[in-house]
file query_37.cif (mmCIF, C-alpha atoms and all ligand atoms)
data_query
#
loop_
_atom_site.label_atom_id
_atom_site.label_comp_id
_atom_site.auth_asym_id
_atom_site.auth_seq_id
_atom_site.Cartn_x
_atom_site.Cartn_y
_atom_site.Cartn_z
CA MET W 1 101.90 81.03 96.55
CA GLU W 2 100.18 78.71 98.99
CA ASP W 3 99.62 81.10 101.85
CA CYS W 4 98.70 84.12 99.79
CA LEU W 5 95.15 85.37 100.37
CA PHE W 6 94.71 86.76 96.87
CA CYS W 7 96.15 83.61 95.24
CA LYS W 8 93.44 81.73 97.17
CA ILE W 9 90.83 84.13 95.79
CA VAL W 10 92.21 83.52 92.26
CA LYS W 11 91.90 79.75 92.81
CA GLY W 12 88.37 80.13 94.20
CA GLU W 13 89.40 78.74 97.60
CA ILE W 14 88.16 81.98 99.17
CA PRO W 15 84.97 83.44 97.71
CA SER W 16 84.91 86.91 96.18
CA LYS W 17 82.44 89.12 94.36
CA LYS W 18 83.97 89.12 90.89
CA VAL W 19 83.68 92.19 88.70
CA TYR W 20 85.94 91.15 85.81
CA GLU W 21 88.05 88.14 84.87
CA ASP W 22 90.27 87.05 82.00
CA GLU W 23 93.21 84.67 81.71
CA GLU W 24 95.61 87.04 83.43
CA ILE W 25 93.58 89.47 85.53
CA LEU W 26 90.89 89.30 88.21
CA ALA W 27 88.86 92.19 89.62
CA PHE W 28 86.68 91.80 92.70
CA GLU W 29 84.98 93.93 95.34
CA ASP W 30 87.02 94.89 98.39
CA ILE W 31 85.64 93.25 101.56
CA ASN W 32 86.00 96.49 103.54
CA PRO W 33 85.12 99.24 101.07
CA ALA W 34 86.54 102.74 101.53
CA ALA W 35 84.09 104.20 98.99
CA PRO W 36 80.70 103.28 97.48
CA ILE W 37 82.67 101.50 94.76
CA HIS W 38 85.92 99.84 95.85
CA ILE W 39 87.30 97.23 93.50
CA LEU W 40 90.64 95.42 93.67
CA ILE W 41 92.32 94.55 90.38
CA ILE W 42 95.05 91.93 90.55
CA PRO W 43 97.26 89.90 88.26
CA LYS W 44 96.35 86.20 88.61
CA LYS W 45 100.02 85.32 88.82
CA HIS W 46 101.62 86.03 92.15
CA ILE W 47 103.62 89.25 92.13
CA THR W 48 104.44 90.37 95.67
CA SER W 49 104.25 94.11 95.05
CA LEU W 50 105.16 96.80 92.53
CA ALA W 51 108.69 96.53 93.90
CA TYR W 52 108.91 92.94 92.62
CA LEU W 53 107.62 93.65 89.14
CA GLU W 54 109.80 92.06 86.45
CA LYS W 55 110.38 93.62 83.06
CA GLU W 56 108.25 90.86 81.50
CA ASP W 57 105.31 91.87 83.76
CA GLU W 58 105.15 95.44 82.50
CA PRO W 59 102.62 94.78 79.68
CA LEU W 60 100.38 93.12 82.30
CA VAL W 61 100.32 96.35 84.32
CA GLY W 62 99.27 98.21 81.17
CA LYS W 63 96.44 95.71 80.73
CA ILE W 64 95.35 96.23 84.33
CA TYR W 65 94.95 99.95 83.62
CA GLY W 66 92.90 99.02 80.56
CA VAL W 67 90.66 96.82 82.73
CA MET W 68 90.16 99.72 85.18
CA ASN W 69 89.11 101.94 82.28
CA LYS W 70 86.67 99.26 81.08
CA ILE W 71 85.16 98.87 84.55
CA ALA W 72 84.82 102.67 84.92
CA THR W 73 83.02 102.84 81.58
CA GLU W 74 80.73 99.89 82.26
CA LYS W 75 79.85 100.97 85.80
CA GLY W 76 79.27 104.56 84.64
CA PHE W 77 81.77 106.47 86.78
CA LYS W 78 84.26 107.29 84.04
CA GLU W 79 83.11 110.91 83.69
CA ASP W 80 82.66 111.62 87.41
CA GLY W 81 86.14 110.29 88.03
CA TYR W 82 87.81 107.93 90.41
CA ARG W 83 91.00 107.26 92.27
CA VAL W 84 93.54 104.47 91.82
CA ILE W 85 95.83 103.56 94.71
CA VAL W 86 98.67 101.06 94.90
CA ASN W 87 100.20 100.56 98.33
CA CYS W 88 103.72 99.17 98.11
CA GLY W 89 105.61 97.61 101.01
CA LYS W 90 105.73 98.52 104.68
CA ASN W 91 106.01 102.28 104.30
CA GLY W 92 103.35 102.25 101.58
CA GLY W 93 100.90 100.54 103.95
CA GLN W 94 100.55 97.33 101.93
CA GLU W 95 98.83 94.62 103.97
CA VAL W 96 98.21 91.89 101.41
CA MET W 97 101.49 90.97 99.73
CA HIS W 98 100.08 90.25 96.27
CA LEU W 99 100.13 93.19 93.88
CA HIS W 100 96.73 94.91 93.75
CA PHE W 101 95.30 98.15 92.45
CA HIS W 102 92.54 99.82 94.46
CA LEU W 103 89.89 101.37 92.19
CA LEU W 104 87.78 103.78 94.24
CA ALA W 105 84.71 105.65 93.01
CA GLY W 106 81.28 106.95 93.93
CA ARG W 107 82.37 109.83 96.15
CA LYS W 108 84.69 112.81 96.05
CA PHE W 109 88.08 112.21 97.61
CA GLY W 110 89.17 115.26 99.55
CA GLU W 111 92.03 113.88 101.55
CA LYS W 112 94.80 114.52 99.07
CA ILE W 113 98.29 113.41 99.95
CA ILE W 114 99.88 114.86 96.85
P1 LIG Q 1 96.36 96.89 101.10
O1 LIG Q 1 96.23 97.50 102.46
O2 LIG Q 1 97.26 95.66 101.10
O3 LIG Q 1 96.71 97.86 100.03
O4 LIG Q 1 94.91 96.40 100.69
C1 LIG Q 1 94.39 95.15 101.00
C2 LIG Q 1 92.90 95.22 100.76
O5 LIG Q 1 92.41 93.90 100.71
C3 LIG Q 1 92.14 95.97 101.84
O6 LIG Q 1 91.43 97.06 101.27
C4 LIG Q 1 91.22 94.91 102.41
O7 LIG Q 1 89.94 95.41 102.75
C5 LIG Q 1 91.13 93.89 101.29
N1 LIG Q 1 90.90 92.53 101.74
C6 LIG Q 1 91.54 91.89 102.76
N2 LIG Q 1 91.07 90.62 102.86
C7 LIG Q 1 90.15 90.46 101.89
C8 LIG Q 1 89.32 89.36 101.50
O8 LIG Q 1 89.36 88.25 102.05
N3 LIG Q 1 88.47 89.57 100.45
C9 LIG Q 1 88.40 90.77 99.80
N4 LIG Q 1 87.53 90.87 98.79
N5 LIG Q 1 89.17 91.82 100.14
C10 LIG Q 1 90.03 91.67 101.18
ZN ZN Q 2 99.47 85.73 95.63
#
call {"tool": "encode", "arguments": {"input": "query_37.cif", "output": "structure tokens", "more": "lines below"}}
Ligand code: 5GP
Ligand code: ZN
result
Amino acid sequence: MEDCLFCKIVKGEIPSKKVYEDEEILAFEDINPAAPIHILIIPKKHITSLAYLEKEDEPLVGKIYGVMNKIATEKGFKEDGYRVIVNCGKNGGQEVMHLHFHLLAGRKFGEKII
């Protein structure tokens, strides 16, 4: 996707602070952090949102959760806990239309929605 911000980050056309990378997944620091640790985990391939996930992409989502677990372990916040947020579409508040998982840690989240 030529005009997609996160595709540009994947291609290195826009710089990012990388936390993790493999053939399919990239994790990088959010530019406007909502917590002391705020990492975005994305599939390298362009998927617009959770709503556009194909059956064949489902194992990739499982891998993304595995990467989040690995990051939590390596960065030492696994035991204290963290929050994972996926905004989907207009009503979900999604601003960048490339599937991404927010991994938030380093403080207690009090503002529970559910
Ligand atoms: P959304 O609101 O779509 O769920 O989240 C988009 C996230 O992308 C926001 O938290 C925002 O701070 C982050 N973001 C937007 N532009 C950039 C950028 O150029 N670089 C990085 N690292 N994060 C970005
Ligand atoms: Zn994209």
call {"tool": "closest_atom_pairs", "arguments": {"input": "query_37.cif", "of": "segment 34-85 of chain W", "to": "segment 92-103 of chain W", "cutoff": "8 Å", "atoms": "only C-alpha atoms", "output": "tab-separated table"}}
result
residue	atom	partner	partner_atom	distance
W:Ile37	CA	W:Leu103	CA	7.7
W:His38	CA	W:Leu103	CA	5.6
W:Ile39	CA	W:Leu103	CA	5.1
W:Leu40	CA	W:His102	CA	4.9
W:Ile41	CA	W:Phe101	CA	5.1
W:Ile42	CA	W:His100	CA	4.7
W:Pro43	CA	W:Leu99	CA	7.1
W:His46	CA	W:His98	CA	6.1
W:Ile47	CA	W:His98	CA	5.5
W:Thr48	CA	W:His98	CA	4.4
W:Ser49	CA	W:Leu99	CA	4.4
W:Leu50	CA	W:Leu99	CA	6.3
W:Met68	CA	W:Leu103	CA	7.2
W:Tyr82	CA	W:Leu103	CA	7.1
W:Arg83	CA	W:Leu103	CA	6.0
W:Val84	CA	W:Leu103	CA	4.8
W:Ile85	CA	W:His102	CA	5.0
call {"tool": "atom_distance", "arguments": {"input": "query_37.cif", "atom1": "atom CA of Ala34 of chain W", "atom2": "atom O2 of ligand LIG 1 (chain Q)"}}
result
12.9 Å
call {"tool": "closest_residue", "arguments": {"input": "query_37.cif", "among": "W:Gly110, W:Gly89, W:Gly62, W:Gly81", "to": "ligand LIG 1 (chain Q)", "atoms": "only C-alpha atoms and all ligand atoms"}}
result
W:Gly89
call {"tool": "atom_distance", "arguments": {"input": "query_37.cif", "atom1": "atom C10 of ligand LIG 1 (chain Q)", "atom2": "atom CA of Asn91 of chain W"}}
result
19.4 Å
call {"tool": "axis_aligned_box", "arguments": {"input": "query_37.cif", "around": "ligand LIG 1 (chain Q)", "padding_each_side": "4 Å", "output": "lines of an AutoDock Vina configuration file"}}
result
center_x = 92.4
center_y = 93.1
center_z = 100.8
size_x = 17.7
size_y = 17.6
size_z = 12.1
call {"tool": "closest_residue", "arguments": {"input": "query_37.cif", "among": "W:Tyr20, W:Leu26, W:Val86, W:Glu56", "to": "ligand ZN 2 (chain Q)", "atoms": "all atoms listed in the file"}}
result
W:Leu26
call {"tool": "residues_around", "arguments": {"input": "query_37.cif", "residues": "Phe77 of chain W", "least_positions_apart": "6", "cutoff": "10 Å", "atoms": "only C-alpha atoms", "output": "number ranges by chain"}}
result
W: 37, 69, 71, 104-107
call {"tool": "write_last_selection", "arguments": {"input": "query_37.cif", "atoms": "C-alpha atoms", "output": "PDB file, in the coordinates of the input"}}
result
ATOM      1  CA  ILE W  37      82.670 101.500  94.760  1.00  0.00           C
ATOM      2  CA  ASN W  69      89.110 101.940  82.280  1.00  0.00           C
ATOM      3  CA  ILE W  71      85.160  98.870  84.550  1.00  0.00           C
ATOM      4  CA  LEU W 104      87.780 103.780  94.240  1.00  0.00           C
ATOM      5  CA  ALA W 105      84.710 105.650  93.010  1.00  0.00           C
ATOM      6  CA  GLY W 106      81.280 106.950  93.930  1.00  0.00           C
ATOM      7  CA  ARG W 107      82.370 109.830  96.150  1.00  0.00           C
TER       8      ARG W 107
END
call {"tool": "closest_residue", "arguments": {"input": "query_37.cif", "among": "W:Glu29, W:Ala35, W:Lys44, W:Glu23", "to": "Phe6 of chain W", "atoms": "all atoms listed in the file"}}
result
W:Lys44
call {"tool": "closest_residue", "arguments": {"input": "query_37.cif", "among": "W:Ala27, W:Pro33, W:Lys45, W:Lys90", "to": "ligand ZN 2 (chain Q)", "atoms": "all atoms listed in the file"}}
result
W:Lys45
call {"tool": "closest_residue", "arguments": {"input": "query_37.cif", "among": "W:Val19, W:Gly66, W:Glu79, W:Cys88", "to": "ligand LIG 1 (chain Q)", "atoms": "only C-alpha atoms and all ligand atoms"}}
result
W:Cys88
call {"tool": "atom_distance", "arguments": {"input": "query_37.cif", "atom1": "atom CA of Lys70 of chain W", "atom2": "atom CA of Glu58 of chain W"}}
result
18.9 Å
call {"tool": "closest_residue", "arguments": {"input": "query_37.cif", "among": "W:Lys8, W:Lys108, W:Lys75, W:Lys63", "to": "ligand LIG 1 (chain Q)", "atoms": "only C-alpha atoms and all ligand atoms"}}
result
W:Lys8
